Amino acid sequence: MDVLRAVLVQDMARALLLAAAAFVLTLFVGAWWVRFARRHKLGKQIRLDGPQSHLTKMGTPTMGGVMIVGTVVVLTALVNVVDRWSILLPLAVLVSFAVLGGVDDWMTLTGSKSKTYGFTVRYKFWLMILVALVASLALYLPPPFGLDHEGLVQIPFVGQRDIGLFFIPIATLIIVGTANAVNLTDGLDSLAGWNLTLAFAAYGVMTFLAEPQLINLMGFCFTLVGACAAFLWFNAHPAQVFMGDLGSLALGATLAVVALQSQQWLLLPVVGIVFVVEALSVIIQTGYFKWTKWRFGEGRRVFRMAPLHHHFELLGWSQVQVTQRFVLIGTVAAMVGISLALIFTAPSTPIRAELPPASQVVEGQP
């Protein structure tokens, strides 16, 4: 027990240092990226059908997610891959969705001639489905093809259960859904960045509670916490840079993979309640508009504008008020998610993940 405690303390200290390192490195990368983006006019187009107050943001540098993704990839490759090969999966998802989002962002620049503000919805959706399906298979399949997580999930007050092959389509849906939910939330300065910081911090604590089985994910989560926190330095209102699809899609998909790999994905709607509500507001608005148009010949709306943060803006809330209040909700949700993880029944079988390297065991302890 003393050995286990020593290993956990050592790994938590290491994870917190990774967060600090990610914060400092992202600040340097971010300062360079803002200058680079301005110099090369990598400005964002703003939809004319959005809130009129957002038109002042036209031309603000975008693709700021590159500072987060770049920092996380570098630090993880340097200090969190050796003896922890399972970390390659969330890292691969982070990079894959970043590439997809980056291409989409490129098509939304102020100099772009794209009339669709990026990929069409259908084309982007199928690309995300493909990447998410590969990631889901990698989670489910046994070595050497995957991480052998099978269909395991932690259920509140019940314990660990195996849902079998149903895990693959469910995991695919969770990855795509979370990526899009974060993307929809990224419509106000700092809103997505703050809630991502809280969500990754919550899963960092959850993976720490899993004792040695998920120490790799713990370090990865806190690296993301530090990088996302530093991004807020540049994204604070009025934003110097936007995250863009490069950041929001990549970080949303990675958050989903972390939740799936930790087997705590049932808590993702709790921890990410802001993302869920934002996505639901769009689904409700679109569905109700189409139904009323079919039923009455004229489309009607539930909200003044979707996603939900725009609705509150049009009610008279300032951008800062919307962000702060949504972040407060996200903070409470993160605490509730951690508390639910604490009261789960202990799993009947160990979580399949790598144990700490032998070099981390304290010599001379029983």
# chains A, B, ... in the order shown; residues from 1 in each chain; ligands from 1

call {"tool": "residues_around", "arguments": {"residues": "range 159-168 of chain A", "least_positions_apart": "3", "cutoff": "12 Å", "atoms": "only C-alpha atoms", "output": "MDAnalysis selection string"}}
result
chainID A and resid 129 132:141 148:156 171:175 260:266 340:352

call {"tool": "closest_atom_pairs", "arguments": {"of": "range 204-276 of chain A", "to": "range 71-77 of chain A", "cutoff": "10 Å", "atoms": "only C-alpha atoms", "output": "JSON lines"}}
result
{"residue": "A:Asn216", "atom": "CA", "partner": "A:Thr76", "partner_atom": "CA", "distance": 9.8}
{"residue": "A:Gly219", "atom": "CA", "partner": "A:Thr76", "partner_atom": "CA", "distance": 8.6}
{"residue": "A:Phe220", "atom": "CA", "partner": "A:Thr76", "partner_atom": "CA", "distance": 7.0}
{"residue": "A:Cys221", "atom": "CA", "partner": "A:Val72", "partner_atom": "CA", "distance": 9.7}
{"residue": "A:Phe222", "atom": "CA", "partner": "A:Val72", "partner_atom": "CA", "distance": 9.9}
{"residue": "A:Thr223", "atom": "CA", "partner": "A:Val72", "partner_atom": "CA", "distance": 6.3}
{"residue": "A:Leu224", "atom": "CA", "partner": "A:Val72", "partner_atom": "CA", "distance": 6.4}
{"residue": "A:Val225", "atom": "CA", "partner": "A:Val72", "partner_atom": "CA", "distance": 9.8}
{"residue": "A:Gly226", "atom": "CA", "partner": "A:Val72", "partner_atom": "CA", "distance": 9.2}
{"residue": "A:Ala227", "atom": "CA", "partner": "A:Thr71", "partner_atom": "CA", "distance": 6.9}
{"residue": "A:Cys228", "atom": "CA", "partner": "A:Val72", "partner_atom": "CA", "distance": 9.8}

call {"tool": "write_last_selection", "arguments": {"atoms": "all heavy atoms", "output": "PDB file, in the first residue's frame"}}
result
ATOM      1  N   ASN A 216      -1.255   7.204 -17.304  1.00  0.00           N
ATOM      2  CA  ASN A 216      -0.912   7.821 -18.588  1.00  0.00           C
ATOM      3  C   ASN A 216      -1.951   8.854 -19.005  1.00  0.00           C
ATOM      4  O   ASN A 216      -1.627   9.968 -19.418  1.00  0.00           O
ATOM      5  CB  ASN A 216      -0.762   6.752 -19.679  1.00  0.00           C
ATOM      6  CG  ASN A 216      -1.989   5.864 -19.783  1.00  0.00           C
ATOM      7  OD1 ASN A 216      -2.760   5.734 -18.844  1.00  0.00           O
ATOM      8  ND2 ASN A 216      -2.169   5.244 -20.924  1.00  0.00           N
ATOM      9  N   GLY A 219      -1.730  12.165 -16.867  1.00  0.00           N
ATOM     10  CA  GLY A 219      -0.736  13.112 -17.350  1.00  0.00           C
ATOM     11  C   GLY A 219      -1.178  13.798 -18.633  1.00  0.00           C
ATOM     12  O   GLY A 219      -0.972  15.003 -18.814  1.00  0.00           O
ATOM     13  N   PHE A 220      -1.812  13.053 -19.531  1.00  0.00           N
ATOM     14  CA  PHE A 220      -2.302  13.603 -20.788  1.00  0.00           C
ATOM     15  C   PHE A 220      -3.387  14.648 -20.537  1.00  0.00           C
ATOM     16  O   PHE A 220      -3.389  15.728 -21.145  1.00  0.00           O
ATOM     17  CB  PHE A 220      -2.839  12.469 -21.660  1.00  0.00           C
ATOM     18  CG  PHE A 220      -3.260  12.888 -23.037  1.00  0.00           C
ATOM     19  CD1 PHE A 220      -2.325  13.265 -23.985  1.00  0.00           C
ATOM     20  CD2 PHE A 220      -4.601  12.897 -23.394  1.00  0.00           C
ATOM     21  CE1 PHE A 220      -2.713  13.650 -25.271  1.00  0.00           C
ATOM     22  CE2 PHE A 220      -4.999  13.271 -24.669  1.00  0.00           C
ATOM     23  CZ  PHE A 220      -4.050  13.655 -25.607  1.00  0.00           C
ATOM     24  N   CYS A 221      -4.317  14.337 -19.623  1.00  0.00           N
ATOM     25  CA  CYS A 221      -5.401  15.267 -19.305  1.00  0.00           C
ATOM     26  C   CYS A 221      -4.859  16.582 -18.747  1.00  0.00           C
ATOM     27  O   CYS A 221      -5.298  17.666 -19.144  1.00  0.00           O
ATOM     28  CB  CYS A 221      -6.364  14.640 -18.304  1.00  0.00           C
ATOM     29  SG  CYS A 221      -7.465  13.393 -18.998  1.00  0.00           S
ATOM     30  N   PHE A 222      -3.904  16.494 -17.836  1.00  0.00           N
ATOM     31  CA  PHE A 222      -3.393  17.717 -17.228  1.00  0.00           C
ATOM     32  C   PHE A 222      -2.507  18.510 -18.205  1.00  0.00           C
ATOM     33  O   PHE A 222      -2.398  19.729 -18.083  1.00  0.00           O
ATOM     34  CB  PHE A 222      -2.656  17.404 -15.931  1.00  0.00           C
ATOM     35  CG  PHE A 222      -3.585  17.201 -14.769  1.00  0.00           C
ATOM     36  CD1 PHE A 222      -3.820  15.934 -14.259  1.00  0.00           C
ATOM     37  CD2 PHE A 222      -4.247  18.277 -14.209  1.00  0.00           C
ATOM     38  CE1 PHE A 222      -4.696  15.746 -13.192  1.00  0.00           C
ATOM     39  CE2 PHE A 222      -5.123  18.106 -13.149  1.00  0.00           C
ATOM     40  CZ  PHE A 222      -5.353  16.827 -12.635  1.00  0.00           C
ATOM     41  N   THR A 223      -1.896  17.823 -19.153  1.00  0.00           N
ATOM     42  CA  THR A 223      -1.189  18.546 -20.215  1.00  0.00           C
ATOM     43  C   THR A 223      -2.180  19.387 -21.013  1.00  0.00           C
ATOM     44  O   THR A 223      -1.918  20.553 -21.340  1.00  0.00           O
ATOM     45  CB  THR A 223      -0.472  17.562 -21.154  1.00  0.00           C
ATOM     46  OG1 THR A 223       0.403  16.730 -20.398  1.00  0.00           O
ATOM     47  CG2 THR A 223       0.346  18.305 -22.204  1.00  0.00           C
ATOM     48  N   LEU A 224      -3.338  18.813 -21.306  1.00  0.00           N
ATOM     49  CA  LEU A 224      -4.393  19.538 -22.020  1.00  0.00           C
ATOM     50  C   LEU A 224      -4.952  20.680 -21.168  1.00  0.00           C
ATOM     51  O   LEU A 224      -5.286  21.742 -21.692  1.00  0.00           O
ATOM     52  CB  LEU A 224      -5.508  18.577 -22.414  1.00  0.00           C
ATOM     53  CG  LEU A 224      -5.191  17.694 -23.634  1.00  0.00           C
ATOM     54  CD1 LEU A 224      -6.070  16.452 -23.648  1.00  0.00           C
ATOM     55  CD2 LEU A 224      -5.390  18.487 -24.923  1.00  0.00           C
ATOM     56  N   VAL A 225      -5.044  20.466 -19.855  1.00  0.00           N
ATOM     57  CA  VAL A 225      -5.528  21.525 -18.968  1.00  0.00           C
ATOM     58  C   VAL A 225      -4.609  22.741 -19.048  1.00  0.00           C
ATOM     59  O   VAL A 225      -5.066  23.885 -19.202  1.00  0.00           O
ATOM     60  CB  VAL A 225      -5.612  21.017 -17.508  1.00  0.00           C
ATOM     61  CG1 VAL A 225      -5.822  22.185 -16.541  1.00  0.00           C
ATOM     62  CG2 VAL A 225      -6.747  20.016 -17.360  1.00  0.00           C
ATOM     63  N   GLY A 226      -3.305  22.511 -18.953  1.00  0.00           N
ATOM     64  CA  GLY A 226      -2.353  23.612 -19.020  1.00  0.00           C
ATOM     65  C   GLY A 226      -2.390  24.337 -20.348  1.00  0.00           C
ATOM     66  O   GLY A 226      -2.360  25.574 -20.404  1.00  0.00           O
ATOM     67  N   ALA A 227      -2.479  23.576 -21.444  1.00  0.00           N
ATOM     68  CA  ALA A 227      -2.499  24.189 -22.778  1.00  0.00           C
ATOM     69  C   ALA A 227      -3.783  24.986 -23.010  1.00  0.00           C
ATOM     70  O   ALA A 227      -3.756  26.090 -23.563  1.00  0.00           O
ATOM     71  CB  ALA A 227      -2.338  23.107 -23.846  1.00  0.00           C
ATOM     72  N   CYS A 228      -4.930  24.423 -22.586  1.00  0.00           N
ATOM     73  CA  CYS A 228      -6.205  25.134 -22.759  1.00  0.00           C
ATOM     74  C   CYS A 228      -6.244  26.397 -21.908  1.00  0.00           C
ATOM     75  O   CYS A 228      -6.779  27.432 -22.331  1.00  0.00           O
ATOM     76  CB  CYS A 228      -7.369  24.218 -22.390  1.00  0.00           C
ATOM     77  SG  CYS A 228      -7.694  22.885 -23.567  1.00  0.00           S
TER      78      CYS A 228
END

call {"tool": "closest_residue", "arguments": {"among": "A:Val258, A:Val131, A:Ser190, A:Val29", "to": "Gly204 in chain A", "atoms": "only C-alpha atoms"}}
result
A:Val258

call {"tool": "select_by_dssp", "arguments": {"residues": "range 144-191 of chain A", "states": "alpha helix (DSSP H)", "output": "VMD selection string"}}
result
chain A and resid 167 to 185 191

call {"tool": "atom_distance", "arguments": {"atom1": "CA of Leu147 in chain A", "atom2": "CA of Ile87 in chain A"}}
result
10.1 Å

call {"tool": "closest_atom_pairs", "arguments": {"of": "range 178-225 of chain A", "to": "range 303-307 of chain A", "cutoff": "12 Å", "atoms": "only C-alpha atoms", "output": "tab-separated table"}}
result
residue	atom	partner	partner_atom	distance
A:Asn180	CA	A:Pro307	CA	11.8
A:Ala181	CA	A:Pro307	CA	9.8
A:Val182	CA	A:Pro307	CA	11.1
A:Asn183	CA	A:Pro307	CA	10.5
A:Leu184	CA	A:Pro307	CA	6.6
A:Thr185	CA	A:Pro307	CA	7.3
A:Asp186	CA	A:Pro307	CA	9.8
A:Gly187	CA	A:Pro307	CA	8.3
A:Leu188	CA	A:Pro307	CA	10.6

call {"tool": "residues_around", "arguments": {"residues": "Gly70 in chain A", "least_positions_apart": "5", "cutoff": "12 Å", "atoms": "only C-alpha atoms", "output": "PyMOL selection string"}}
result
chain A and resi 22+25-30+33+63-65+75-77+91+94-95+98-99+223-224+227-228+231+246-247+250

call {"tool": "write_last_selection", "arguments": {"atoms": "C-alpha atoms", "output": "mmCIF file, in the first residue's frame"}}
result
data_model
loop_
_atom_site.group_PDB
_atom_site.id
_atom_site.type_symbol
_atom_site.label_atom_id
_atom_site.label_comp_id
_atom_site.auth_asym_id
_atom_site.auth_seq_id
_atom_site.Cartn_x
_atom_site.Cartn_y
_atom_site.Cartn_z
ATOM 1 C CA ALA A 22 2.116 23.097 -21.145
ATOM 2 C CA LEU A 25 5.017 26.599 -23.665
ATOM 3 C CA THR A 26 1.569 27.458 -25.042
ATOM 4 C CA LEU A 27 2.017 31.087 -23.994
ATOM 5 C CA PHE A 28 5.193 31.318 -26.078
ATOM 6 C CA VAL A 29 3.678 29.459 -29.029
ATOM 7 C CA GLY A 30 0.493 31.534 -28.773
ATOM 8 C CA TRP A 33 0.974 32.372 -33.634
ATOM 9 C CA MET A 63 -6.858 28.399 -36.124
ATOM 10 C CA GLY A 64 -5.616 29.168 -32.597
ATOM 11 C CA GLY A 65 -6.150 25.525 -31.709
ATOM 12 C CA LEU A 75 5.190 17.376 -24.519
ATOM 13 C CA THR A 76 3.414 14.033 -24.800
ATOM 14 C CA ALA A 77 5.951 12.733 -27.320
ATOM 15 C CA LEU A 91 -2.908 11.631 -29.413
ATOM 16 C CA LEU A 94 -6.191 14.846 -31.487
ATOM 17 C CA VAL A 95 -3.962 15.193 -34.556
ATOM 18 C CA ALA A 98 -6.943 18.890 -35.935
ATOM 19 C CA VAL A 99 -5.998 18.232 -39.567
ATOM 20 C CA THR A 223 -1.189 18.546 -20.215
ATOM 21 C CA LEU A 224 -4.393 19.538 -22.020
ATOM 22 C CA ALA A 227 -2.499 24.189 -22.778
ATOM 23 C CA CYS A 228 -6.205 25.134 -22.759
ATOM 24 C CA PHE A 231 -5.061 29.580 -24.775
ATOM 25 C CA LEU A 246 -8.830 22.981 -35.743
ATOM 26 C CA GLY A 247 -9.054 23.323 -31.971
ATOM 27 C CA ALA A 250 -9.764 18.104 -32.102
#

call {"tool": "atom_distance", "arguments": {"atom1": "CA of Val320 in chain A", "atom2": "CA of Ala239 in chain A"}}
result
11.4 Å

call {"tool": "closest_residue", "arguments": {"among": "A:His40, A:Arg35, A:Arg325, A:Arg14", "to": "Trp194 in chain A", "atoms": "only C-alpha atoms"}}
result
A:Arg325

call {"tool": "atom_distance", "arguments": {"atom1": "CA of Ala256 in chain A", "atom2": "CA of Met107 in chain A"}}
result
25.9 Å

call {"tool": "residues_around", "arguments": {"residues": "Thr207 in chain A", "least_positions_apart": "3", "cutoff": "8 Å", "atoms": "only C-alpha atoms", "output": "PyMOL selection string"}}
result
chain A and resi 203-204+210-211+214-215+217-218+262

call {"tool": "closest_residue", "arguments": {"among": "A:Leu209, A:Met243, A:Val24, A:Leu16", "to": "Thr62 in chain A", "atoms": "only C-alpha atoms"}}
result
A:Met243

call {"tool": "select_by_dssp", "arguments": {"residues": "range 39-277 of chain A", "states": "strand (DSSP E or B)", "output": "PyMOL selection string"}}
result
chain A and resi 43-44+61+109+152-155+159-162

call {"tool": "write_last_selection", "arguments": {"atoms": "N, CA and C atoms", "output": "tab-separated table (two decimals), in the first residue's frame"}}
result
chain	number	residue	atom	x	y	z
A	43	GLY	N	-7.50	35.58	-41.12
A	43	GLY	CA	-8.66	36.10	-40.41
A	43	GLY	C	-9.90	35.27	-40.66
A	44	LYS	N	-10.79	35.28	-39.69
A	44	LYS	CA	-12.01	34.48	-39.73
A	44	LYS	C	-13.15	35.24	-40.41
A	61	PRO	N	-7.77	36.73	-36.12
A	61	PRO	CA	-7.01	35.50	-36.43
A	61	PRO	C	-7.69	34.25	-35.90
A	109	LEU	N	-11.34	31.41	-44.14
A	109	LEU	CA	-10.56	32.64	-43.99
A	109	LEU	C	-11.17	33.77	-44.80
A	152	LEU	N	-16.42	-2.35	-22.06
A	152	LEU	CA	-16.54	-2.07	-20.63
A	152	LEU	C	-16.93	-0.62	-20.35
A	153	VAL	N	-17.80	-0.45	-19.35
A	153	VAL	CA	-18.24	0.87	-18.93
A	153	VAL	C	-18.53	0.85	-17.44
A	154	GLN	N	-18.22	1.96	-16.77
A	154	GLN	CA	-18.53	2.11	-15.36
A	154	GLN	C	-19.93	2.71	-15.23
A	155	ILE	N	-20.81	2.02	-14.53
A	155	ILE	CA	-22.19	2.48	-14.35
A	155	ILE	C	-22.37	2.94	-12.90
A	159	GLY	N	-21.36	-0.55	-11.02
A	159	GLY	CA	-20.02	-1.07	-11.23
A	159	GLY	C	-19.72	-1.24	-12.70
A	160	GLN	N	-18.76	-2.08	-12.99
A	160	GLN	CA	-18.31	-2.27	-14.36
A	160	GLN	C	-19.17	-3.29	-15.09
A	161	ARG	N	-19.59	-2.95	-16.30
A	161	ARG	CA	-20.37	-3.86	-17.12
A	161	ARG	C	-19.81	-3.87	-18.54
A	162	ASP	N	-20.08	-4.97	-19.27
A	162	ASP	CA	-19.60	-5.15	-20.63
A	162	ASP	C	-20.78	-5.10	-21.58
